[in-house]
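Trainee: Pasting my_file_27.txt below, which is compact mmCIF, C-alpha atoms and all ligand atoms.
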# COMPACT_ATOMS: atom_id res chain seq x y z
CA MET A 25 141.31 46.97 -154.50
CA SER A 26 145.00 47.44 -155.25
CA ARG A 27 147.34 44.47 -155.24
CA PRO A 28 148.66 43.36 -151.84
CA VAL A 29 151.81 44.96 -150.48
CA GLY A 30 154.59 42.35 -150.50
CA VAL A 31 156.94 42.07 -147.52
CA LEU A 32 159.96 39.75 -147.53
CA PHE A 33 162.05 39.15 -144.40
CA VAL A 34 165.63 37.98 -144.97
CA CYS A 35 168.24 36.42 -142.67
CA LEU A 36 171.10 33.98 -143.16
CA GLY A 37 169.57 30.52 -142.67
CA ASN A 38 165.79 31.23 -142.78
CA ILE A 39 165.34 28.99 -139.73
CA CYS A 40 165.59 31.47 -136.82
CA ARG A 41 165.12 35.22 -137.32
CA SER A 42 163.25 35.69 -140.60
CA PRO A 43 160.70 32.90 -139.99
CA THR A 44 160.07 34.51 -136.60
CA ALA A 45 159.57 37.88 -138.29
CA GLU A 46 157.24 36.29 -140.86
CA GLY A 47 155.14 34.70 -138.09
CA VAL A 48 155.03 37.76 -135.86
CA PHE A 49 154.22 40.17 -138.68
CA ARG A 50 151.58 37.82 -140.06
CA ALA A 51 149.90 37.85 -136.63
CA VAL A 52 150.07 41.66 -136.44
CA VAL A 53 148.57 42.03 -139.90
CA ALA A 54 145.82 39.48 -139.14
CA ARG A 55 145.01 41.26 -135.88
CA GLU A 56 144.43 44.45 -137.89
CA GLY A 57 142.20 42.70 -140.43
CA LEU A 58 144.71 43.30 -143.22
CA ALA A 59 145.63 39.70 -144.08
CA ASP A 60 144.36 40.02 -147.65
CA ARG A 61 146.17 43.34 -148.19
CA VAL A 62 149.67 42.26 -147.20
CA ARG A 63 151.63 39.32 -148.63
CA ILE A 64 154.39 38.07 -146.31
CA ASP A 65 157.29 35.68 -146.89
CA SER A 66 160.78 35.00 -145.59
CA CYS A 67 164.02 33.54 -146.93
CA GLY A 68 167.73 33.13 -146.24
CA THR A 69 170.80 34.28 -148.12
CA GLY A 70 172.32 30.81 -147.51
CA ASP A 71 171.08 27.45 -148.77
CA TRP A 72 172.10 25.10 -145.93
CA HIS A 73 168.62 24.70 -144.47
CA VAL A 74 166.46 24.86 -147.61
CA GLY A 75 163.28 22.80 -147.08
CA ASN A 76 163.74 22.59 -143.30
CA PRO A 77 161.29 23.82 -140.66
CA PRO A 78 162.38 26.59 -138.29
CA ASP A 79 164.88 25.78 -135.54
CA GLU A 80 163.21 24.09 -132.58
CA ARG A 81 164.30 26.91 -130.26
CA ALA A 82 162.71 29.52 -132.54
CA ARG A 83 159.51 27.45 -132.70
CA GLN A 84 159.35 27.18 -128.92
CA ALA A 85 160.07 30.86 -128.34
CA ALA A 86 157.39 31.91 -130.85
CA ALA A 87 154.90 29.40 -129.40
CA GLY A 88 155.51 31.01 -126.00
CA ARG A 89 154.01 34.18 -127.47
CA GLY A 90 151.12 32.40 -129.14
CA ILE A 91 152.65 32.26 -132.62
CA ASP A 92 152.97 29.01 -134.58
CA ILE A 93 155.80 29.05 -137.13
CA GLY A 94 156.16 25.25 -137.40
CA HIS A 95 154.56 24.99 -140.86
CA GLN A 96 157.19 27.24 -142.48
CA ARG A 97 159.92 25.75 -144.69
CA ALA A 98 163.21 27.48 -145.44
CA ARG A 99 164.00 28.80 -148.89
CA GLN A 100 166.91 30.75 -150.32
CA PHE A 101 166.67 34.35 -151.57
CA ARG A 102 166.36 34.58 -155.35
CA ALA A 103 167.05 37.55 -157.61
CA SER A 104 163.40 37.66 -158.73
CA ASP A 105 162.43 38.56 -155.14
CA LEU A 106 163.70 42.06 -155.89
CA GLU A 107 160.80 42.47 -158.32
CA ALA A 108 158.24 40.42 -156.41
CA PHE A 109 158.27 42.32 -153.08
CA ASP A 110 157.75 45.96 -152.09
CA TYR A 111 159.68 45.68 -148.83
CA ILE A 112 162.84 43.58 -148.52
CA LEU A 113 163.88 43.71 -144.87
CA THR A 114 167.10 42.14 -143.69
CA MET A 115 167.97 41.16 -140.14
CA ASP A 116 171.62 42.24 -140.15
CA ARG A 117 174.16 44.22 -142.15
CA GLN A 118 175.75 41.14 -143.70
CA ASN A 119 172.39 40.02 -145.09
CA LEU A 120 171.90 43.57 -146.37
CA ALA A 121 175.31 43.64 -148.07
CA ASP A 122 174.68 40.27 -149.73
CA ILE A 123 171.29 41.33 -151.12
CA ARG A 124 172.54 44.79 -152.07
CA ASP A 125 175.21 43.21 -154.29
CA ILE A 126 172.45 41.58 -156.33
CA TRP A 127 170.28 44.71 -156.22
CA HIS A 128 173.18 46.82 -157.59
CA GLN A 129 173.36 44.50 -160.61
CA GLN A 130 169.68 44.23 -161.43
CA GLY A 131 167.69 46.88 -159.55
CA GLY A 132 164.20 46.36 -158.17
CA THR A 133 163.18 47.02 -154.58
CA GLU A 134 166.06 48.41 -152.54
CA PRO A 135 166.71 46.18 -149.51
CA GLN A 136 166.83 47.79 -146.07
CA LEU A 137 167.57 46.78 -142.50
CA PHE A 138 164.35 45.73 -140.77
CA LEU A 139 165.28 47.70 -137.63
CA ASP A 140 165.53 50.92 -139.66
CA VAL A 141 161.79 51.18 -138.92
CA LEU A 142 162.91 51.95 -135.33
CA PRO A 143 165.21 54.95 -135.91
CA GLU A 144 165.50 55.75 -132.18
CA HIS A 145 166.52 52.20 -131.32
CA PRO A 146 170.10 51.67 -130.04
CA THR A 147 170.74 48.73 -132.38
CA ASP A 148 169.99 48.33 -136.07
CA GLU A 149 170.54 44.56 -136.28
CA VAL A 150 168.56 41.56 -135.03
CA PRO A 151 171.40 39.47 -133.55
CA ASP A 152 171.91 35.95 -134.89
CA PRO A 153 170.75 33.58 -132.09
CA TYR A 154 171.84 30.32 -133.76
CA TYR A 155 175.02 29.65 -131.79
CA GLY A 156 173.78 31.15 -128.51
CA GLY A 157 171.40 30.09 -125.75
CA ASP A 158 167.63 30.20 -125.51
CA ALA A 159 167.64 33.79 -124.21
CA GLY A 160 168.82 34.96 -127.63
CA PHE A 161 165.55 33.83 -129.14
CA ASP A 162 163.56 35.98 -126.71
CA THR A 163 165.74 38.98 -127.60
CA VAL A 164 164.96 38.27 -131.26
CA LEU A 165 161.24 38.17 -130.50
CA ASP A 166 161.34 41.39 -128.47
CA LEU A 167 163.04 43.26 -131.31
CA ILE A 168 160.84 41.76 -134.00
CA GLU A 169 157.61 42.48 -132.12
CA GLU A 170 158.55 46.13 -131.65
CA ALA A 171 159.72 46.54 -135.25
CA SER A 172 156.60 44.81 -136.59
CA GLU A 173 154.32 47.40 -134.98
CA ALA A 174 156.39 50.21 -136.53
CA LEU A 175 156.37 48.45 -139.91
CA LEU A 176 152.59 48.19 -139.76
CA VAL A 177 152.34 51.97 -139.29
CA ASP A 178 154.58 52.49 -142.32
CA ILE A 179 152.67 50.02 -144.49
CA ARG A 180 149.31 51.54 -143.58
CA LYS A 181 150.50 54.73 -145.33
CA ASN A 182 151.09 52.66 -148.47
CA LEU A 183 147.66 51.06 -148.27
CA SER A 184 145.67 54.27 -147.89
P1 LIG B 201 169.06 32.68 -139.02
O1 LIG B 201 170.08 31.89 -138.06
O2 LIG B 201 169.90 33.37 -140.07
O3 LIG B 201 168.39 33.65 -138.10
O4 LIG B 201 168.12 31.64 -139.60
C1 LIG B 201 171.04 31.01 -138.54
C2 LIG B 201 170.68 29.73 -138.90
C3 LIG B 201 171.64 28.84 -139.34
C4 LIG B 201 172.95 29.24 -139.44
C5 LIG B 201 173.32 30.53 -139.09
C6 LIG B 201 172.36 31.42 -138.65
N1 LIG B 201 173.94 28.32 -139.86
O5 LIG B 201 175.13 28.69 -139.86
O6 LIG B 201 173.61 27.20 -140.25
Represent the supplied structure as structure tokens.

Mentor:
Amino acid sequence: MSRPVGVLFVCLGNICRSPTAEGVFRAVVAREGLADRVRIDSCGTGDWHVGNPPDERARQAAAGRGIDIGHQRARQFRASDLEAFDYILTMDRQNLADIRDIWHQQGGTEPQLFLDVLPEHPTDEVPDPYYGGDAGFDTVLDLIEEASEALLVDIRKNLS
């Protein structure tokens, strides 16, 4: 069997959006029986929360949909991720710009916006919920759940 497809989700702090994406996509992949074919991780462009678990509000919102993300610990993006992953999917355009700067210097996997898997969708960013209320975390989950199903379709083409 070929090596697993590597998927890395990237946001700013790695405590709200990208850990949610990691947890949701992990559940989607497990549901499809593909857990050993897809390697999933997440990280942040910033280092403020390195080593911390996801934000309590993100944990609660994910738990409300049956997904446990409490075991995750934040880490910062590193340049070697550009070689280690086949998909590097950022939550917003600032994350994309930050990673693209590094990609321009050293190459590897070209980063993309996660929501580009939903070309018909009115927005191409997963909004940062950190400074908002609890509702923002449900919006994040809605977007991530929809995009995860589309990503699965795309990755299946790579696996076959
Ligand atoms: P995330 O949210 O990028 O979705 O993890 C944030 C978490 C922390 C901060 C900003 C956004 N912060 O400024 O500490």

Trainee: Give as an mmCIF file with C-alpha atoms, keeping the file's coordinate frame the residues surrounding ligand LIG 201 (chain B) up to a distance of 6 Å, considering all atoms listed in the file.

Mentor:
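Result written to result-v6.cif:
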data_model
loop_
_atom_site.group_PDB
_atom_site.id
_atom_site.type_symbol
_atom_site.label_atom_id
_atom_site.label_comp_id
_atom_site.auth_asym_id
_atom_site.auth_seq_id
_atom_site.Cartn_x
_atom_site.Cartn_y
_atom_site.Cartn_z
ATOM 1 C CA CYS A 35 168.240 36.420 -142.670
ATOM 2 C CA LEU A 36 171.100 33.980 -143.160
ATOM 3 C CA GLY A 37 169.570 30.520 -142.670
ATOM 4 C CA ASN A 38 165.790 31.230 -142.780
ATOM 5 C CA ILE A 39 165.340 28.990 -139.730
ATOM 6 C CA CYS A 40 165.590 31.470 -136.820
ATOM 7 C CA ARG A 41 165.120 35.220 -137.320
ATOM 8 C CA ASP A 152 171.910 35.950 -134.890
ATOM 9 C CA TYR A 154 171.840 30.320 -133.760
#

Trainee: Could you pull the residues within 7 Å of stretch 157-171 of chain A, counting all atoms listed in the file, minus those fewer than 2 positions along the same chain, as a PyMOL selection string?

Mentor: chain A and resi 41+45+48+81-82+85+139+141-142+150-151+153+173-175

Trainee: As an exercise, work out the distance from atom CA of A:Phe33 to atom CA of A:Leu113 in Å and give it to one decimal place.

Mentor: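 That distance, rounded to one decimal, is 4.9 Å.
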
Trainee: Using all atoms listed in the file, which of A:Pro77, A:Gly30, A:Pro143, A:Gly94 sits nearest A:Gly47?

Mentor: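 Of A:Pro77, A:Gly30, A:Pro143, A:Gly94, the one nearest A:Gly47 is A:Gly94, counting all atoms listed in the file.
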
Trainee: Please determine, counting all atoms listed in the file, which residue among A:Val29, A:Ala51, A:Ala103, A:Leu137 has the shortest atom-to-atom distance to A:Thr69.

Mentor: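 Looking only at the distances to A:Thr69, the closest residue turns out to be A:Ala103.
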
Trainee: Would you list the residues near (157.5, 40.2, -147.4) (no more than 9 Å away, in the coordinates of the file, using only C-alpha atoms) as an mmCIF file with C-alpha atoms, keeping the file's coordinate frame?

Mentor:
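The result, stored in result_22.cif:
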data_model
loop_
_atom_site.group_PDB
_atom_site.id
_atom_site.type_symbol
_atom_site.label_atom_id
_atom_site.label_comp_id
_atom_site.auth_asym_id
_atom_site.auth_seq_id
_atom_site.Cartn_x
_atom_site.Cartn_y
_atom_site.Cartn_z
ATOM 1 C CA VAL A 29 151.810 44.960 -150.480
ATOM 2 C CA GLY A 30 154.590 42.350 -150.500
ATOM 3 C CA VAL A 31 156.940 42.070 -147.520
ATOM 4 C CA LEU A 32 159.960 39.750 -147.530
ATOM 5 C CA PHE A 33 162.050 39.150 -144.400
ATOM 6 C CA VAL A 34 165.630 37.980 -144.970
ATOM 7 C CA GLU A 46 157.240 36.290 -140.860
ATOM 8 C CA VAL A 62 149.670 42.260 -147.200
ATOM 9 C CA ARG A 63 151.630 39.320 -148.630
ATOM 10 C CA ILE A 64 154.390 38.070 -146.310
ATOM 11 C CA ASP A 65 157.290 35.680 -146.890
ATOM 12 C CA SER A 66 160.780 35.000 -145.590
ATOM 13 C CA PHE A 109 158.270 42.320 -153.080
ATOM 14 C CA ASP A 110 157.750 45.960 -152.090
ATOM 15 C CA TYR A 111 159.680 45.680 -148.830
ATOM 16 C CA ILE A 112 162.840 43.580 -148.520
ATOM 17 C CA LEU A 113 163.880 43.710 -144.870
#

Trainee: Near A:His95, within 10 Å and counting all atoms listed in the file, which residues show up once chain neighbours fewer than 4 positions away are dropped, as a list in words?

Mentor: Asn76, Pro77, Pro78 and Arg83 of chain A

Trainee: So what do you get for atom CA of A:His128 versus atom CA of A:Arg50, distance-wise?

Mentor: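 Going from atom CA of A:His128 over to atom CA of A:Arg50, I get 29.2 Å.
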
Trainee: Could you check the closest approach to A:Thr44 for each of A:Ser184, A:Gln100, A:Thr147, A:Ser172 and tell me which residue wins, using only C-alpha atoms?

Mentor: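 Looking at the shortest contact to A:Thr44, the residue is A:Ser172.
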
Trainee: One number please: atom CA of A:Phe138 to atom CA of A:Glu80, in Å, one decimal.

Mentor: 23.2 Å

Trainee: Which of these residues is nearest to A:Arg61, using only C-alpha atoms: A:Pro28, A:Pro43, A:Pro146, A:Gly75?

Mentor: A:Pro28

Trainee: Find the residue from A:Tyr155, A:Arg99, A:Ser104, A:Leu176 that sits nearest to A:Val53; use all atoms listed in the file when measuring.

Mentor: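 The answer is A:Leu176, which sits nearest to A:Val53.
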
Trainee: Give me the residues within 12 Å of A:Ile126 as a PyMOL selection string, counting all atoms listed in the file and dropping any in the same chain fewer than 5 places off.

Mentor: chain A and resi 69+101-107+119-121+131-135

Trainee: Could you tell me which of A:Asp79, A:Asp140, A:Asp71, A:Glu56 comes closest to A:Thr114 if we count only C-alpha atoms?

Mentor: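 Looking only at the distances to A:Thr114, the closest residue turns out to be A:Asp140.
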
Trainee: Where's the centre, and what are the edge lengths in Å to one decimal, of a box along x, y and z enclosing all listed atoms of stretch 149-166 of chain A padded 5 Å per side, as lines of an AutoDock Vina configuration file?

Mentor:
center_x = 168.1
center_y = 37.1
center_z = -130.2
size_x = 23.8
size_y = 24.9
size_z = 22.1
